[in-house]
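As stored in upload-v7.pdb (PDB, C-alpha atoms, pLDDT in the B column):
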```pdb
ATOM      1  CA  GLY A   1      35.198-223.737  49.060  1.00 54.00           C
ATOM      2  CA  ALA A   2      34.093-226.773  51.026  1.00 77.00           C
ATOM      3  CA  GLY A   3      37.535-227.504  52.399  1.00 91.00           C
ATOM      4  CA  VAL A   4      41.123-226.296  52.409  1.00 95.00           C
ATOM      5  CA  SER A   5      42.709-226.959  49.046  1.00 96.00           C
ATOM      6  CA  GLN A   6      46.461-227.267  48.508  1.00 97.00           C
ATOM      7  CA  SER A   7      48.348-227.568  45.260  1.00 97.00           C
ATOM      8  CA  PRO A   8      50.308-229.285  43.976  1.00 97.00           C
ATOM      9  CA  SER A   9      49.768-232.443  45.989  1.00 95.00           C
ATOM     10  CA  ASN A  10      53.261-233.637  45.090  1.00 96.00           C
ATOM     11  CA  LYS A  11      56.280-231.710  43.882  1.00 97.00           C
ATOM     12  CA  VAL A  12      59.699-233.039  42.954  1.00 98.00           C
ATOM     13  CA  THR A  13      62.291-230.377  42.307  1.00 97.00           C
ATOM     14  CA  GLU A  14      66.009-230.170  41.762  1.00 97.00           C
ATOM     15  CA  LYS A  15      68.216-228.712  44.427  1.00 97.00           C
ATOM     16  CA  GLY A  16      68.664-224.981  43.900  1.00 97.00           C
ATOM     17  CA  LYS A  17      65.343-224.417  42.133  1.00 98.00           C
ATOM     18  CA  ASP A  18      62.551-222.222  43.517  1.00 98.00           C
ATOM     19  CA  VAL A  19      59.132-223.678  44.321  1.00 98.00           C
ATOM     20  CA  GLU A  20      55.718-222.191  45.065  1.00 98.00           C
ATOM     21  CA  LEU A  21      53.127-223.976  47.144  1.00 98.00           C
ATOM     22  CA  ARG A  22      49.544-222.807  47.112  1.00 98.00           C
ATOM     23  CA  CYS A  23      46.806-222.890  49.753  1.00 98.00           C
ATOM     24  CA  ASP A  24      43.167-221.984  49.174  1.00 97.00           C
ATOM     25  CA  PRO A  25      41.422-221.758  52.567  1.00 96.00           C
ATOM     26  CA  ILE A  26      37.780-222.219  53.421  1.00 94.00           C
ATOM     27  CA  SER A  27      35.797-219.197  52.288  1.00 92.00           C
ATOM     28  CA  GLY A  28      35.403-216.705  55.129  1.00 90.00           C
ATOM     29  CA  HIS A  29      38.225-218.114  57.258  1.00 92.00           C
ATOM     30  CA  THR A  30      40.325-215.141  58.295  1.00 91.00           C
ATOM     31  CA  ALA A  31      43.183-217.078  59.878  1.00 93.00           C
ATOM     32  CA  LEU A  32      45.594-219.172  57.823  1.00 95.00           C
ATOM     33  CA  TYR A  33      48.577-221.208  58.966  1.00 95.00           C
ATOM     34  CA  TRP A  34      51.462-223.051  57.341  1.00 97.00           C
ATOM     35  CA  TYR A  35      53.099-226.021  59.058  1.00 96.00           C
ATOM     36  CA  ARG A  36      55.830-228.400  57.956  1.00 96.00           C
ATOM     37  CA  GLN A  37      56.016-232.089  58.762  1.00 93.00           C
ATOM     38  CA  SER A  38      59.318-233.810  58.127  1.00 89.00           C
ATOM     39  CA  LEU A  39      59.596-237.598  57.984  1.00 80.00           C
ATOM     40  CA  GLY A  40      58.971-239.015  61.432  1.00 73.00           C
ATOM     41  CA  GLN A  41      58.727-235.559  62.995  1.00 77.00           C
ATOM     42  CA  GLY A  42      55.950-233.557  64.533  1.00 83.00           C
ATOM     43  CA  LEU A  43      54.300-230.541  62.978  1.00 91.00           C
ATOM     44  CA  GLU A  44      56.536-227.482  62.861  1.00 92.00           C
ATOM     45  CA  PHE A  45      54.807-224.082  62.774  1.00 92.00           C
ATOM     46  CA  LEU A  46      56.005-221.833  59.959  1.00 96.00           C
ATOM     47  CA  ILE A  47      53.778-218.751  59.663  1.00 95.00           C
ATOM     48  CA  TYR A  48      50.379-217.367  60.643  1.00 93.00           C
ATOM     49  CA  PHE A  49      48.218-214.958  58.637  1.00 94.00           C
ATOM     50  CA  GLN A  50      45.344-212.911  59.960  1.00 91.00           C
ATOM     51  CA  GLY A  51      43.727-211.477  56.872  1.00 91.00           C
ATOM     52  CA  ASN A  52      46.562-210.446  54.574  1.00 92.00           C
ATOM     53  CA  SER A  53      49.060-209.654  57.290  1.00 92.00           C
ATOM     54  CA  ALA A  54      51.443-212.071  58.987  1.00 89.00           C
ATOM     55  CA  PRO A  55      51.762-211.232  62.694  1.00 87.00           C
ATOM     56  CA  ASP A  56      54.020-214.219  63.285  1.00 88.00           C
ATOM     57  CA  LYS A  57      56.665-215.381  60.848  1.00 90.00           C
ATOM     58  CA  SER A  58      58.869-216.775  63.573  1.00 89.00           C
ATOM     59  CA  GLY A  59      58.732-220.349  62.312  1.00 92.00           C
ATOM     60  CA  LEU A  60      60.171-219.700  58.872  1.00 95.00           C
ATOM     61  CA  PRO A  61      63.480-221.650  58.900  1.00 94.00           C
ATOM     62  CA  SER A  62      65.535-219.193  56.845  1.00 95.00           C
ATOM     63  CA  ASP A  63      65.276-216.183  54.544  1.00 96.00           C
ATOM     64  CA  ARG A  64      64.856-218.602  51.636  1.00 97.00           C
ATOM     65  CA  PHE A  65      61.287-219.084  52.862  1.00 97.00           C
ATOM     66  CA  SER A  66      58.602-216.456  52.309  1.00 97.00           C
ATOM     67  CA  ALA A  67      54.833-216.404  52.192  1.00 97.00           C
ATOM     68  CA  GLU A  68      52.104-214.039  51.179  1.00 96.00           C
ATOM     69  CA  ARG A  69      48.353-213.928  51.283  1.00 96.00           C
ATOM     70  CA  THR A  70      46.220-211.858  48.963  1.00 90.00           C
ATOM     71  CA  GLY A  71      42.594-210.787  49.196  1.00 88.00           C
ATOM     72  CA  GLY A  72      42.325-212.432  52.580  1.00 85.00           C
ATOM     73  CA  SER A  73      42.138-215.725  50.753  1.00 92.00           C
ATOM     74  CA  VAL A  74      44.784-217.639  48.785  1.00 96.00           C
ATOM     75  CA  SER A  75      48.251-217.967  50.267  1.00 97.00           C
ATOM     76  CA  THR A  76      51.506-218.894  48.555  1.00 98.00           C
ATOM     77  CA  LEU A  77      54.555-220.291  50.336  1.00 98.00           C
ATOM     78  CA  THR A  78      57.727-219.790  48.310  1.00 98.00           C
ATOM     79  CA  ILE A  79      60.994-221.599  48.906  1.00 98.00           C
ATOM     80  CA  GLN A  80      63.976-220.213  47.038  1.00 98.00           C
ATOM     81  CA  ARG A  81      67.111-222.175  46.186  1.00 98.00           C
ATOM     82  CA  THR A  82      65.675-225.386  47.605  1.00 98.00           C
ATOM     83  CA  GLN A  83      67.874-227.687  49.659  1.00 97.00           C
ATOM     84  CA  GLN A  84      67.450-231.388  50.395  1.00 96.00           C
ATOM     85  CA  GLU A  85      66.551-230.610  53.999  1.00 95.00           C
ATOM     86  CA  ASP A  86      63.484-228.746  52.710  1.00 96.00           C
ATOM     87  CA  SER A  87      61.954-232.092  51.721  1.00 96.00           C
ATOM     88  CA  ALA A  88      58.805-232.493  53.817  1.00 96.00           C
ATOM     89  CA  VAL A  89      55.042-232.323  53.718  1.00 95.00           C
ATOM     90  CA  TYR A  90      53.840-228.727  53.844  1.00 97.00           C
ATOM     91  CA  LEU A  91      50.421-228.412  55.452  1.00 96.00           C
ATOM     92  CA  CYS A  92      48.094-225.449  55.367  1.00 96.00           C
ATOM     93  CA  ALA A  93      45.207-224.901  57.768  1.00 95.00           C
ATOM     94  CA  SER A  94      42.559-222.239  58.151  1.00 94.00           C
ATOM     95  CA  SER A  95      40.149-221.262  60.891  1.00 91.00           C
ATOM     96  CA  GLN A  96      37.251-218.891  61.255  1.00 87.00           C
ATOM     97  CA  VAL A  97      38.905-217.127  64.163  1.00 77.00           C
ATOM     98  CA  SER A  98      42.486-217.477  65.269  1.00 67.00           C
ATOM     99  CA  ASN A  99      41.858-219.427  68.456  1.00 65.00           C
ATOM    100  CA  TYR A 100      39.244-221.910  67.376  1.00 74.00           C
ATOM    101  CA  GLY A 101      39.740-225.168  65.559  1.00 82.00           C
ATOM    102  CA  TYR A 102      41.823-225.746  62.461  1.00 88.00           C
ATOM    103  CA  THR A 103      40.753-227.338  59.210  1.00 92.00           C
ATOM    104  CA  PHE A 104      43.747-228.752  57.369  1.00 93.00           C
ATOM    105  CA  GLY A 105      44.376-229.282  53.704  1.00 94.00           C
ATOM    106  CA  SER A 106      45.796-232.562  52.464  1.00 93.00           C
ATOM    107  CA  GLY A 107      49.279-231.096  52.110  1.00 95.00           C
ATOM    108  CA  THR A 108      51.982-230.770  49.487  1.00 96.00           C
ATOM    109  CA  ARG A 109      54.714-233.400  49.579  1.00 95.00           C
ATOM    110  CA  LEU A 110      57.927-231.689  48.490  1.00 97.00           C
ATOM    111  CA  THR A 111      60.916-233.768  47.471  1.00 97.00           C
ATOM    112  CA  VAL A 112      64.192-232.032  46.663  1.00 97.00           C
ATOM    113  CA  VAL A 113      66.587-234.209  44.660  1.00 97.00           C
TER     114      VAL A 113
ATOM    115  CA  LYS B   1      57.365-222.839  76.686  1.00 86.00           C
ATOM    116  CA  GLN B   2      54.460-225.206  76.054  1.00 92.00           C
ATOM    117  CA  GLU B   3      55.427-228.804  75.332  1.00 93.00           C
ATOM    118  CA  VAL B   4      52.992-231.516  74.303  1.00 95.00           C
ATOM    119  CA  THR B   5      53.788-235.184  74.789  1.00 95.00           C
ATOM    120  CA  GLN B   6      51.883-238.219  73.603  1.00 96.00           C
ATOM    121  CA  ILE B   7      52.315-241.681  75.022  1.00 92.00           C
ATOM    122  CA  PRO B   8      52.593-244.320  73.713  1.00 91.00           C
ATOM    123  CA  ALA B   9      54.307-243.444  70.448  1.00 93.00           C
ATOM    124  CA  ALA B  10      52.871-246.582  68.841  1.00 95.00           C
ATOM    125  CA  LEU B  11      50.176-249.057  69.755  1.00 94.00           C
ATOM    126  CA  SER B  12      48.840-252.290  68.214  1.00 96.00           C
ATOM    127  CA  VAL B  13      45.566-253.778  69.410  1.00 96.00           C
ATOM    128  CA  PRO B  14      43.198-256.490  68.195  1.00 97.00           C
ATOM    129  CA  GLU B  15      39.934-255.413  66.648  1.00 97.00           C
ATOM    130  CA  GLY B  16      37.141-254.774  69.137  1.00 97.00           C
ATOM    131  CA  GLU B  17      39.299-253.530  71.989  1.00 96.00           C
ATOM    132  CA  ASN B  18      38.583-250.306  73.803  1.00 97.00           C
ATOM    133  CA  LEU B  19      41.680-248.148  74.025  1.00 94.00           C
ATOM    134  CA  VAL B  20      42.989-244.913  75.504  1.00 96.00           C
ATOM    135  CA  LEU B  21      45.496-242.523  73.987  1.00 97.00           C
ATOM    136  CA  ASN B  22      47.224-240.053  76.258  1.00 97.00           C
ATOM    137  CA  CYS B  23      48.271-236.448  75.771  1.00 97.00           C
ATOM    138  CA  SER B  24      50.026-234.276  78.339  1.00 97.00           C
ATOM    139  CA  PHE B  25      51.006-230.622  78.217  1.00 97.00           C
ATOM    140  CA  THR B  26      53.323-228.628  80.459  1.00 96.00           C
ATOM    141  CA  ASP B  27      51.450-225.302  80.647  1.00 94.00           C
ATOM    142  CA  SER B  28      47.872-225.609  81.890  1.00 93.00           C
ATOM    143  CA  ALA B  29      46.916-222.114  80.671  1.00 92.00           C
ATOM    144  CA  ILE B  30      45.319-223.369  77.483  1.00 93.00           C
ATOM    145  CA  TYR B  31      42.421-221.980  75.492  1.00 90.00           C
ATOM    146  CA  ASN B  32      41.399-225.266  73.942  1.00 92.00           C
ATOM    147  CA  LEU B  33      42.695-228.679  72.904  1.00 95.00           C
ATOM    148  CA  GLN B  34      42.056-230.438  69.617  1.00 95.00           C
ATOM    149  CA  TRP B  35      42.485-234.093  68.641  1.00 96.00           C
ATOM    150  CA  PHE B  36      43.318-234.925  65.040  1.00 96.00           C
ATOM    151  CA  ARG B  37      43.707-238.053  62.979  1.00 96.00           C
ATOM    152  CA  GLN B  38      46.293-238.388  60.209  1.00 94.00           C
ATOM    153  CA  ASP B  39      46.225-241.201  57.675  1.00 92.00           C
ATOM    154  CA  PRO B  40      49.494-242.104  55.904  1.00 86.00           C
ATOM    155  CA  GLY B  41      50.377-239.548  53.250  1.00 80.00           C
ATOM    156  CA  LYS B  42      47.371-237.413  54.068  1.00 83.00           C
ATOM    157  CA  GLY B  43      46.574-234.200  55.916  1.00 87.00           C
ATOM    158  CA  LEU B  44      45.000-233.962  59.351  1.00 91.00           C
ATOM    159  CA  THR B  45      41.325-234.533  60.078  1.00 93.00           C
ATOM    160  CA  SER B  46      39.827-232.861  63.135  1.00 92.00           C
ATOM    161  CA  LEU B  47      38.156-235.310  65.505  1.00 96.00           C
ATOM    162  CA  LEU B  48      37.205-233.399  68.642  1.00 95.00           C
ATOM    163  CA  LEU B  49      37.803-229.951  70.110  1.00 93.00           C
ATOM    164  CA  ILE B  50      37.516-229.330  73.845  1.00 94.00           C
ATOM    165  CA  GLN B  51      37.320-225.800  75.195  1.00 92.00           C
ATOM    166  CA  SER B  52      39.211-225.128  78.439  1.00 92.00           C
ATOM    167  CA  SER B  53      35.913-224.827  80.322  1.00 93.00           C
ATOM    168  CA  GLN B  54      34.774-228.278  79.195  1.00 94.00           C
ATOM    169  CA  ARG B  55      35.605-231.670  80.699  1.00 95.00           C
ATOM    170  CA  GLU B  56      34.843-233.872  77.719  1.00 95.00           C
ATOM    171  CA  GLN B  57      33.522-234.132  74.190  1.00 95.00           C
ATOM    172  CA  THR B  58      32.011-237.121  72.417  1.00 96.00           C
ATOM    173  CA  SER B  59      31.583-238.054  68.780  1.00 95.00           C
ATOM    174  CA  GLY B  60      30.369-241.538  67.934  1.00 96.00           C
ATOM    175  CA  ARG B  61      32.852-244.066  69.324  1.00 97.00           C
ATOM    176  CA  LEU B  62      35.273-241.329  70.366  1.00 97.00           C
ATOM    177  CA  ASN B  63      35.374-239.569  73.712  1.00 97.00           C
ATOM    178  CA  ALA B  64      37.975-236.992  74.658  1.00 97.00           C
ATOM    179  CA  SER B  65      38.444-235.770  78.210  1.00 97.00           C
ATOM    180  CA  LEU B  66      40.385-232.807  79.511  1.00 97.00           C
ATOM    181  CA  ASP B  67      41.911-232.260  82.952  1.00 96.00           C
ATOM    182  CA  LYS B  68      43.448-228.846  82.551  1.00 94.00           C
ATOM    183  CA  SER B  69      44.836-228.577  86.058  1.00 92.00           C
ATOM    184  CA  SER B  70      46.899-231.738  85.658  1.00 95.00           C
ATOM    185  CA  GLY B  71      47.817-230.977  82.055  1.00 96.00           C
ATOM    186  CA  ARG B  72      46.246-234.112  80.592  1.00 97.00           C
ATOM    187  CA  SER B  73      43.816-235.211  77.943  1.00 98.00           C
ATOM    188  CA  THR B  74      42.775-238.681  76.908  1.00 97.00           C
ATOM    189  CA  LEU B  75      41.150-239.923  73.733  1.00 97.00           C
ATOM    190  CA  TYR B  76      39.021-243.015  74.314  1.00 97.00           C
ATOM    191  CA  ILE B  77      38.159-245.162  71.291  1.00 97.00           C
ATOM    192  CA  ALA B  78      35.440-247.749  71.864  1.00 98.00           C
ATOM    193  CA  ALA B  79      35.211-251.045  69.970  1.00 97.00           C
ATOM    194  CA  SER B  80      38.213-250.323  67.764  1.00 97.00           C
ATOM    195  CA  GLN B  81      38.121-251.225  64.076  1.00 97.00           C
ATOM    196  CA  PRO B  82      40.857-251.684  61.447  1.00 97.00           C
ATOM    197  CA  GLY B  83      39.663-248.424  59.875  1.00 96.00           C
ATOM    198  CA  ASP B  84      40.745-246.625  63.036  1.00 97.00           C
ATOM    199  CA  SER B  85      44.375-247.343  62.152  1.00 97.00           C
ATOM    200  CA  ALA B  86      46.099-243.955  61.792  1.00 97.00           C
ATOM    201  CA  THR B  87      48.277-241.520  63.708  1.00 96.00           C
ATOM    202  CA  TYR B  88      46.436-239.539  66.370  1.00 97.00           C
ATOM    203  CA  LEU B  89      47.699-236.077  67.272  1.00 96.00           C
ATOM    204  CA  CYS B  90      46.689-233.726  70.033  1.00 96.00           C
ATOM    205  CA  ALA B  91      47.327-229.997  69.944  1.00 95.00           C
ATOM    206  CA  VAL B  92      46.796-227.103  72.351  1.00 94.00           C
ATOM    207  CA  ILE B  93      46.433-223.352  72.034  1.00 91.00           C
ATOM    208  CA  ASN B  94      47.776-221.292  74.932  1.00 89.00           C
ATOM    209  CA  THR B  95      45.769-218.457  76.421  1.00 87.00           C
ATOM    210  CA  SER B  96      48.689-216.164  75.686  1.00 81.00           C
ATOM    211  CA  GLY B  97      49.331-215.630  72.000  1.00 67.00           C
ATOM    212  CA  THR B  98      46.124-217.449  71.139  1.00 62.00           C
ATOM    213  CA  TYR B  99      46.591-218.184  67.500  1.00 78.00           C
ATOM    214  CA  LYS B 100      48.710-221.252  66.925  1.00 86.00           C
ATOM    215  CA  TYR B 101      48.335-224.841  67.943  1.00 91.00           C
ATOM    216  CA  ILE B 102      51.295-226.650  69.442  1.00 92.00           C
ATOM    217  CA  PHE B 103      51.284-230.285  68.445  1.00 93.00           C
ATOM    218  CA  GLY B 104      52.360-233.494  70.090  1.00 94.00           C
ATOM    219  CA  THR B 105      54.337-236.015  68.046  1.00 89.00           C
ATOM    220  CA  GLY B 106      51.407-238.398  67.857  1.00 94.00           C
ATOM    221  CA  THR B 107      50.449-241.981  68.643  1.00 96.00           C
ATOM    222  CA  ARG B 108      50.570-244.390  65.707  1.00 95.00           C
ATOM    223  CA  LEU B 109      47.676-246.831  66.141  1.00 97.00           C
ATOM    224  CA  LYS B 110      47.278-250.129  64.344  1.00 97.00           C
ATOM    225  CA  VAL B 111      44.095-252.131  64.827  1.00 97.00           C
ATOM    226  CA  LEU B 112      44.523-255.735  63.744  1.00 96.00           C
ATOM    227  CA  ALA B 113      41.664-257.587  62.063  1.00 94.00           C
TER     228      ALA B 113
END
```

Encoded form (structure tokens):
Amino acid sequence: GAGVSQSPSNKVTEKGKDVELRCDPISGHTALYWYRQSLGQGLEFLIYFQGNSAPDKSGLPSDRFSAERTGGSVSTLTIQRTQQEDSAVYLCASSQVSNYGYTFGSGTRLTVV
Amino acid sequence: KQEVTQIPAALSVPEGENLVLNCSFTDSAIYNLQWFRQDPGKGLTSLLLIQSSQREQTSGRLNASLDKSSGRSTLYIAASQPGDSATYLCAVINTSGTYKYIFGTGTRLKVLA
């Protein structure tokens, strides 16, 4: 597609529920990244995909967080048993190669109540 | 460990002023540096990318410079306009593990009409 697409744009969920966040990168971009931005905080790296594999998952905060990428394209970030501290904006970015310039999506604002 | 700092954290200027935003990083072994703009509630928009071999990049009223040896970059905005009001973020990729950007916490700019 023309840009990085994320859905939903907003998600309100009850504490303890599972949520899935979706990222559709720019066609042909092999590298895909998830970041989290909490209120008033900087961007926190979560996970990096090269193709369908994730060489670096070091930023995932706990085992409640997981992500996958299929067909070298769409990625899904899943948060199980959501907690209030998971409330943040989740941003996805893609790039043509892993060391050159990100294009970001507009993010998913997750609110856990 | 690479750390990226942006000063000032917030800045208000009258319309028409030329201004400089600062970014510093602790490890000079970077592959490139990217400046982004973030509007409230939105994702990040790439403004300029400077490769480590370059000294500056220009786009319209924006000019970004890079002094790798001193660990500094500046973003110069000429003839500021109210539409320039946003948060400006810089990010670097290290030459080791060249796949993820490390972000500063941003400068929140307000241009007053």

Using all atoms listed in the file, which residues of chain A come within 8 Å of chain B, and what is the closest atom pair for each, with the distance in Å to one decimal? Give it as JSON lines, sorted by chain and residue number.
```
{"residue": "A:Tyr33", "atom": "CA", "partner": "B:Lys100", "partner_atom": "CA", "distance": 8.0}
{"residue": "A:Gln41", "atom": "CA", "partner": "B:Thr105", "partner_atom": "CA", "distance": 6.7}
{"residue": "A:Gly42", "atom": "CA", "partner": "B:Thr105", "partner_atom": "CA", "distance": 4.6}
{"residue": "A:Leu43", "atom": "CA", "partner": "B:Phe103", "partner_atom": "CA", "distance": 6.2}
{"residue": "A:Phe45", "atom": "CA", "partner": "B:Lys100", "partner_atom": "CA", "distance": 7.9}
{"residue": "A:Tyr48", "atom": "CA", "partner": "B:Lys100", "partner_atom": "CA", "distance": 7.6}
{"residue": "A:Leu91", "atom": "CA", "partner": "B:Gly43", "partner_atom": "CA", "distance": 7.0}
{"residue": "A:Ser98", "atom": "CA", "partner": "B:Tyr99", "partner_atom": "CA", "distance": 4.7}
{"residue": "A:Asn99", "atom": "CA", "partner": "B:Tyr99", "partner_atom": "CA", "distance": 5.0}
{"residue": "A:Tyr100", "atom": "CA", "partner": "B:Asn32", "partner_atom": "CA", "distance": 7.7}
{"residue": "A:Gly101", "atom": "CA", "partner": "B:Leu49", "partner_atom": "CA", "distance": 6.9}
{"residue": "A:Tyr102", "atom": "CA", "partner": "B:Ser46", "partner_atom": "CA", "distance": 7.4}
{"residue": "A:Thr103", "atom": "CA", "partner": "B:Ser46", "partner_atom": "CA", "distance": 6.8}
{"residue": "A:Phe104", "atom": "CA", "partner": "B:Leu44", "partner_atom": "CA", "distance": 5.7}
{"residue": "A:Gly105", "atom": "CA", "partner": "B:Gly43", "partner_atom": "CA", "distance": 5.8}
{"residue": "A:Ser106", "atom": "CA", "partner": "B:Gly43", "partner_atom": "CA", "distance": 3.9}
{"residue": "A:Gly107", "atom": "CA", "partner": "B:Gly43", "partner_atom": "CA", "distance": 5.6}
```

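Here, the PyMOL selection byres ((chain A and resi 49) around 9) matches A:Thr30, A:Ala31, A:Leu32, A:Tyr33, A:Trp34, A:Ile47, A:Tyr48, A:Gln50, A:Gly51, A:Asn52, A:Ser53, A:Ala54, A:Pro55, A:Asp56, A:Lys57, A:Glu68, A:Arg69, A:Gly72, A:Ser75.
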
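Once the PyMOL selection byres ((chain B and resi 66) around 6) is applied to the shown structure, the selection contains Arg55, Glu56, Ser65, Asp67, Lys68 and Ser73 of chain B.
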
Exercise. So which residues get picked by the PyMOL selection byres ((chain B and resi 15-21) around 7) here, written as an MDAnalysis selection string?
Worked result: chainID B and resid 7 13:14 22:23 74:82 111:113

Enclosing box along x, y and z for every listed atom of segment 94-107 of chain B, padded 5 Å each side, centre and size in Å, one decimal, as AutoDock Vina command-line options:
```
--center_x 50.1 --center_y -228.8 --center_z 71.7 --size_x 18.6 --size_y 36.4 --size_z 19.5
```

Problem set entry | Ile79 of chain A environment, 8 Å, all atoms listed in the file, sequence neighbours closer than 2 positions dropped, as a ChimeraX atom specification | /A:18-20,64-66,77,81-82

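A straight line drawn from atom CA of Ser7 of chain A to atom CA of Gln83 of chain A is 20.0 Å long.
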
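Residues with any atom within 7 Å of the point (62.7, -236.6, 52.6), counting only C-alpha atoms, are Leu39, Ser87, Ala88 and Thr111 of chain A.
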
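Computed from the coordinates, the atom CA of Val89 of chain A to atom CA of Ala9 of chain B distance equals 20.1 Å.
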
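Comparing A:Ala93, A:Leu60, A:Val74, A:Val112 by their smallest distance to Arg22 of chain A, the closest is A:Val74 (using all atoms listed in the file).
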
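Of the listed residues B:Val4, B:Ile30, B:Leu11, B:Leu109, the one whose atoms come nearest to Gln54 of chain B is B:Ile30, with distances taken using only C-alpha atoms.
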
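Minimum atom-to-atom distance to Ser85 of chain B, evaluated using only C-alpha atoms, belongs to B:Lys110 out of B:Ser24, B:Ser59, B:Glu3, B:Lys110.
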
Your completed segment 38-44 of chain B with all heavy atoms, as a PDB file, in the coordinates of the input:
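Output (selection_30.pdb):
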```pdb
ATOM      1  N   GLN B  38      45.554-238.525  61.458  1.00 94.00           N
ATOM      2  CA  GLN B  38      46.293-238.388  60.209  1.00 94.00           C
ATOM      3  C   GLN B  38      46.513-239.768  59.608  1.00 94.00           C
ATOM      4  O   GLN B  38      47.149-240.626  60.214  1.00 94.00           O
ATOM      5  CB  GLN B  38      47.642-237.688  60.424  1.00 94.00           C
ATOM      6  CG  GLN B  38      48.375-237.405  59.123  1.00 94.00           C
ATOM      7  CD  GLN B  38      49.636-236.601  59.306  1.00 94.00           C
ATOM      8  OE1 GLN B  38      50.301-236.669  60.333  1.00 94.00           O
ATOM      9  NE2 GLN B  38      49.986-235.796  58.302  1.00 94.00           N
ATOM     10  N   ASP B  39      45.992-239.967  58.401  1.00 92.00           N
ATOM     11  CA  ASP B  39      46.225-241.201  57.675  1.00 92.00           C
ATOM     12  C   ASP B  39      47.519-241.066  56.878  1.00 92.00           C
ATOM     13  O   ASP B  39      47.909-239.953  56.501  1.00 92.00           O
ATOM     14  CB  ASP B  39      45.039-241.502  56.767  1.00 92.00           C
ATOM     15  CG  ASP B  39      43.791-241.831  57.572  1.00 92.00           C
ATOM     16  OD1 ASP B  39      43.729-242.965  58.082  1.00 92.00           O
ATOM     17  OD2 ASP B  39      42.931-240.957  57.731  1.00 92.00           O
ATOM     18  N   PRO B  40      48.193-242.174  56.596  1.00 86.00           N
ATOM     19  CA  PRO B  40      49.494-242.104  55.904  1.00 86.00           C
ATOM     20  C   PRO B  40      49.409-241.294  54.619  1.00 86.00           C
ATOM     21  O   PRO B  40      48.548-241.523  53.778  1.00 86.00           O
ATOM     22  CB  PRO B  40      49.812-243.575  55.633  1.00 86.00           C
ATOM     23  CG  PRO B  40      49.095-244.328  56.699  1.00 86.00           C
ATOM     24  CD  PRO B  40      47.826-243.563  56.940  1.00 86.00           C
ATOM     25  N   GLY B  41      50.310-240.350  54.466  1.00 80.00           N
ATOM     26  CA  GLY B  41      50.377-239.548  53.250  1.00 80.00           C
ATOM     27  C   GLY B  41      49.254-238.536  53.108  1.00 80.00           C
ATOM     28  O   GLY B  41      49.089-237.946  52.040  1.00 80.00           O
ATOM     29  N   LYS B  42      48.504-238.329  54.154  1.00 83.00           N
ATOM     30  CA  LYS B  42      47.371-237.413  54.068  1.00 83.00           C
ATOM     31  C   LYS B  42      47.526-236.258  55.064  1.00 83.00           C
ATOM     32  O   LYS B  42      48.418-236.258  55.912  1.00 83.00           O
ATOM     33  CB  LYS B  42      46.061-238.168  54.381  1.00 83.00           C
ATOM     34  CG  LYS B  42      45.777-239.330  53.462  1.00 83.00           C
ATOM     35  CD  LYS B  42      45.316-238.879  52.108  1.00 83.00           C
ATOM     36  CE  LYS B  42      45.012-240.024  51.161  1.00 83.00           C
ATOM     37  NZ  LYS B  42      43.897-240.857  51.634  1.00 83.00           N
ATOM     38  N   GLY B  43      46.606-235.294  54.958  1.00 87.00           N
ATOM     39  CA  GLY B  43      46.574-234.200  55.916  1.00 87.00           C
ATOM     40  C   GLY B  43      45.906-234.635  57.207  1.00 87.00           C
ATOM     41  O   GLY B  43      45.676-235.820  57.432  1.00 87.00           O
ATOM     42  N   LEU B  44      45.588-233.678  58.057  1.00 91.00           N
ATOM     43  CA  LEU B  44      45.000-233.962  59.351  1.00 91.00           C
ATOM     44  C   LEU B  44      43.494-233.750  59.309  1.00 91.00           C
ATOM     45  O   LEU B  44      43.023-232.780  58.711  1.00 91.00           O
ATOM     46  CB  LEU B  44      45.583-233.037  60.421  1.00 91.00           C
ATOM     47  CG  LEU B  44      46.932-233.421  61.023  1.00 91.00           C
ATOM     48  CD1 LEU B  44      48.054-233.290  60.016  1.00 91.00           C
ATOM     49  CD2 LEU B  44      47.204-232.605  62.256  1.00 91.00           C
TER      50      LEU B  44
END
```
